[in-house]
file input39.txt (compact mmCIF, C-alpha atoms)
# COMPACT_ATOMS: atom_id res chain seq x y z
CA MET A 1 35.73 21.24 47.91
CA GLY A 2 33.73 21.49 51.09
CA GLN A 3 30.82 23.16 49.30
CA LYS A 4 27.52 21.40 48.82
CA VAL A 5 26.51 21.13 45.17
CA THR A 6 22.93 20.39 44.27
CA ASP A 7 22.49 21.02 40.54
CA SER A 8 23.28 18.29 38.01
CA LEU A 9 25.91 20.29 36.10
CA SER A 10 27.91 21.05 39.24
CA LYS A 11 27.76 17.40 40.31
CA CYS A 12 28.90 16.33 36.86
CA ASN A 13 31.81 18.80 36.90
CA LEU A 14 32.83 17.68 40.39
CA LEU A 15 32.95 14.01 39.39
CA ASN A 16 34.67 14.89 36.10
CA ASP A 17 37.39 16.83 37.93
CA TYR A 18 37.97 13.94 40.32
CA PHE A 19 38.00 11.21 37.64
CA SER A 20 40.27 13.18 35.30
CA ASN A 21 42.80 13.76 38.10
CA VAL A 22 42.87 10.11 39.13
CA PHE A 23 43.10 8.43 35.72
CA THR A 24 45.64 8.78 32.95
CA LYS A 25 44.85 10.43 29.66
CA ASP A 26 45.39 8.46 26.46
CA ASP A 27 47.61 10.44 24.11
CA GLY A 28 46.58 8.22 21.19
CA ASN A 29 50.07 6.83 20.69
CA ALA A 30 50.13 3.10 21.29
CA PRO A 31 53.50 1.73 22.39
CA ARG A 32 55.34 -0.17 19.67
CA ILE A 33 56.31 -3.71 20.58
CA GLU A 34 59.24 -5.32 18.81
CA CYS A 35 58.49 -8.68 17.24
CA SER A 36 61.36 -10.21 19.23
CA GLN A 37 59.34 -9.56 22.39
CA ILE A 38 56.15 -11.23 21.16
CA CYS A 39 55.08 -12.01 17.63
CA VAL A 40 51.36 -12.70 17.37
CA PRO A 41 50.29 -13.82 13.90
CA PRO A 42 48.22 -11.30 11.91
CA LEU A 43 44.54 -11.26 12.73
CA VAL A 44 42.11 -12.01 9.93
CA VAL A 45 38.61 -11.88 11.34
CA PRO A 46 36.26 -14.64 10.13
CA GLU A 47 32.51 -14.05 9.94
CA SER A 48 31.94 -16.73 12.57
CA ASN A 49 33.91 -14.69 15.13
CA VAL A 50 31.92 -11.56 14.36
CA PHE A 51 28.60 -13.36 14.68
CA GLU A 52 29.72 -15.03 17.93
CA ALA A 53 30.88 -11.69 19.36
CA ILE A 54 27.58 -10.00 18.47
CA SER A 55 25.70 -12.88 20.08
CA ALA A 56 27.80 -12.48 23.25
CA LEU A 57 26.60 -8.89 23.78
CA ARG A 58 24.29 -8.38 26.72
CA ALA A 59 20.85 -7.33 25.49
CA GLU A 60 20.35 -4.93 28.41
CA SER A 61 23.71 -3.14 28.08
CA ALA A 62 23.48 0.60 27.52
CA ALA A 63 24.31 2.19 24.19
CA GLY A 64 27.45 4.25 23.87
CA PRO A 65 28.11 7.49 21.96
CA ASP A 66 26.82 6.00 18.68
CA LYS A 67 23.43 5.43 20.38
CA ILE A 68 23.03 1.95 18.78
CA PRO A 69 21.45 -0.44 21.30
CA SER A 70 22.88 -3.95 21.67
CA ASP A 71 19.51 -5.68 21.35
CA PHE A 72 19.10 -4.08 17.91
CA LEU A 73 22.51 -5.39 16.81
CA MET A 74 21.64 -8.83 18.15
CA ARG A 75 18.39 -8.87 16.15
CA ILE A 76 20.14 -7.98 12.88
CA ALA A 77 23.28 -10.04 13.58
CA ARG A 78 22.92 -12.35 10.56
CA SER A 79 22.56 -9.50 8.09
CA ILE A 80 25.19 -7.18 9.59
CA THR A 81 27.89 -9.83 10.17
CA PRO A 82 29.31 -9.85 6.60
CA VAL A 83 29.55 -6.04 6.53
CA LEU A 84 31.17 -5.86 9.96
CA THR A 85 33.63 -8.60 8.99
CA VAL A 86 34.83 -6.54 6.01
CA LEU A 87 34.96 -3.39 8.16
CA PHE A 88 36.92 -5.04 10.99
CA ASN A 89 39.44 -6.64 8.61
CA ARG A 90 39.95 -3.36 6.81
CA ASN A 91 40.39 -1.45 10.09
CA ILE A 92 42.96 -4.02 11.23
CA SER A 93 44.91 -3.98 7.96
CA GLU A 94 44.97 -0.18 7.96
CA THR A 95 45.51 0.06 11.76
CA PHE A 96 42.55 2.40 11.92
CA VAL A 97 40.10 2.90 14.77
CA PRO A 98 37.10 5.16 14.12
CA ILE A 99 37.04 8.15 16.45
CA VAL A 100 33.56 7.33 17.78
CA TRP A 101 34.92 3.91 18.90
CA LYS A 102 37.41 5.73 21.13
CA MET A 103 34.71 7.83 22.77
CA ALA A 104 32.72 6.85 25.83
CA TYR A 105 30.01 8.10 28.11
CA VAL A 106 31.41 7.96 31.62
CA THR A 107 28.85 7.16 34.29
CA PRO A 108 29.65 7.26 38.02
CA ILE A 109 28.65 4.14 39.95
CA PHE A 110 28.45 4.44 43.73
CA LYS A 111 30.77 2.04 45.62
CA LYS A 112 30.40 2.63 49.36
CA GLY A 113 30.76 5.28 52.03
CA SER A 114 29.43 8.81 51.82
CA LYS A 115 27.56 9.63 48.64
CA THR A 116 28.87 13.18 48.91
CA GLN A 117 32.49 12.18 48.22
CA PRO A 118 33.56 11.79 44.56
CA ALA A 119 36.19 9.21 45.62
CA ASN A 120 33.36 6.85 46.60
CA TYR A 121 32.28 6.46 42.97
CA ARG A 122 33.90 4.48 40.21
CA PRO A 123 33.60 5.49 36.58
CA ILE A 124 32.01 3.12 34.08
CA SER A 125 32.75 3.80 30.42
CA LEU A 126 29.89 3.15 28.04
CA THR A 127 31.53 2.58 24.67
CA CYS A 128 30.11 1.75 21.25
CA HIS A 129 29.05 -1.85 20.78
CA PHE A 130 31.09 -2.07 17.56
CA SER A 131 34.26 -1.38 19.54
CA LYS A 132 33.20 -3.95 22.16
CA ILE A 133 32.71 -6.54 19.43
CA MET A 134 36.12 -5.76 17.93
CA GLU A 135 37.82 -5.81 21.34
CA ARG A 136 36.26 -9.20 22.11
CA ILE A 137 37.53 -10.64 18.80
CA ILE A 138 41.05 -9.31 19.43
CA LYS A 139 40.98 -10.71 22.98
CA TRP A 140 39.98 -14.17 21.66
CA HIS A 141 42.77 -14.03 19.06
CA LEU A 142 45.42 -13.05 21.61
CA PHE A 143 44.18 -15.58 24.16
CA ARG A 144 44.28 -18.41 21.59
CA TYR A 145 47.84 -17.43 20.70
CA LEU A 146 48.93 -17.32 24.35
CA GLN A 147 47.33 -20.72 25.03
CA THR A 148 48.66 -22.36 21.85
CA TYR A 149 52.25 -21.29 22.51
CA SER A 150 52.10 -21.82 26.29
CA LYS A 151 52.74 -18.16 27.05
CA LEU A 152 50.44 -18.10 30.09
CA GLU A 153 51.77 -18.88 33.53
CA ASP A 154 49.90 -21.49 35.57
CA GLY A 155 49.00 -18.81 38.12
CA GLN A 156 47.36 -16.58 35.49
CA HIS A 157 43.67 -16.38 36.33
CA GLY A 158 42.66 -12.92 35.08
CA TYR A 159 40.85 -12.81 31.73
CA CYS A 160 40.94 -16.61 31.47
CA PRO A 161 37.62 -18.37 30.84
CA GLY A 162 36.44 -20.33 33.87
CA LEU A 163 39.01 -18.71 36.18
CA SER A 164 38.54 -15.83 38.60
CA THR A 165 39.85 -14.20 41.74
CA VAL A 166 38.24 -17.06 43.68
CA THR A 167 40.11 -19.74 41.71
CA SER A 168 43.29 -17.69 42.05
CA LEU A 169 42.89 -17.55 45.86
CA LEU A 170 42.12 -21.27 46.03
CA ASP A 171 45.15 -22.04 43.87
CA PHE A 172 47.36 -19.82 46.02
CA TYR A 173 46.00 -21.20 49.30
CA ASP A 174 46.41 -24.81 48.11
call {"tool": "encode", "arguments": {"input": "input39.txt", "output": "structure tokens"}}
result
Amino acid sequence: MGQKVTDSLSKCNLLNDYFSNVFTKDDGNAPRIECSQICVPPLVVPESNVFEAISALRAESAAGPDKIPSDFLMRIARSITPVLTVLFNRNISETFVPIVWKMAYVTPIFKKGSKTQPANYRPISLTCHFSKIMERIIKWHLFRYLQTYSKLEDGQHGYCPGLSTVTSLLDFYD
């Protein structure tokens, strides 16, 4: 540290070193949860969920490592939905996640302060849109389960539709 770097590769390596020291590395082994702790019913993805999740993509969002743009997926949503439905259900039943879905382009976004300090940037992971679609479907499934069986606390505002940090603060203050 303390040296000024000007070329793109050196800047990239500097940010990479900082981000990799600050964040944990996924070893690929998901923790096993006993059914006595929480037993969510199996997920069978209907075509309607796949189409809705594709439609929820932002047209301007950047492509990930697969280089497939979201606006392209949105334009072919009707024709690709049946194929993706089969793929998602098979991946779930076989507990398989394609390697490219686990990859991401990490882009530094400036927060505040000195632009010369790596700590003043936050990493944004650009992942494949297929993994985003699948993640959204799983989130909906889990959220429906938690709502149906009253597993959410009244003070839970994160990841809940229509709630935010503002509603959380108002709720707390009230």
call {"tool": "residues_around", "arguments": {"input": "input39.txt", "residues": "Tyr159 in chain A", "least_positions_apart": "3", "cutoff": "12 Å", "atoms": "only C-alpha atoms", "output": "PyMOL selection string"}}
result
chain A and resi 136+139-140+142-143+146+152+155-156+162-165+168
call {"tool": "atom_distance", "arguments": {"input": "input39.txt", "atom1": "CA of Arg90 in chain A", "atom2": "CA of Cys160 in chain A"}}
result
28.0 Å
call {"tool": "atom_distance", "arguments": {"input": "input39.txt", "atom1": "CA of Ile138 in chain A", "atom2": "CA of Glu52 in chain A"}}
result
12.8 Å
call {"tool": "closest_residue", "arguments": {"input": "input39.txt", "among": "A:Val50, A:Leu126, A:Val22, A:Cys12", "to": "Met103 in chain A", "atoms": "all atoms listed in the file"}}
result
A:Leu126
call {"tool": "residues_around", "arguments": {"input": "input39.txt", "residues": "Ile124 in chain A", "least_positions_apart": "5", "cutoff": "9 Å", "atoms": "only C-alpha atoms", "output": "number ranges by chain"}}
result
A: 105-109
call {"tool": "closest_residue", "arguments": {"input": "input39.txt", "among": "A:Ala119, A:Ile99, A:Ala59, A:Ala53", "to": "Thr85 in chain A", "atoms": "only C-alpha atoms"}}
result
A:Ala53
call {"tool": "atom_distance", "arguments": {"input": "input39.txt", "atom1": "CA of Leu15 in chain A", "atom2": "CA of Gln3 in chain A"}}
result
13.7 Å
call {"tool": "residues_around", "arguments": {"input": "input39.txt", "residues": "Val100 in chain A", "least_positions_apart": "4", "cutoff": "8 Å", "atoms": "all atoms listed in the file", "output": "ChimeraX atom specification"}}
result
/A:65-66,128
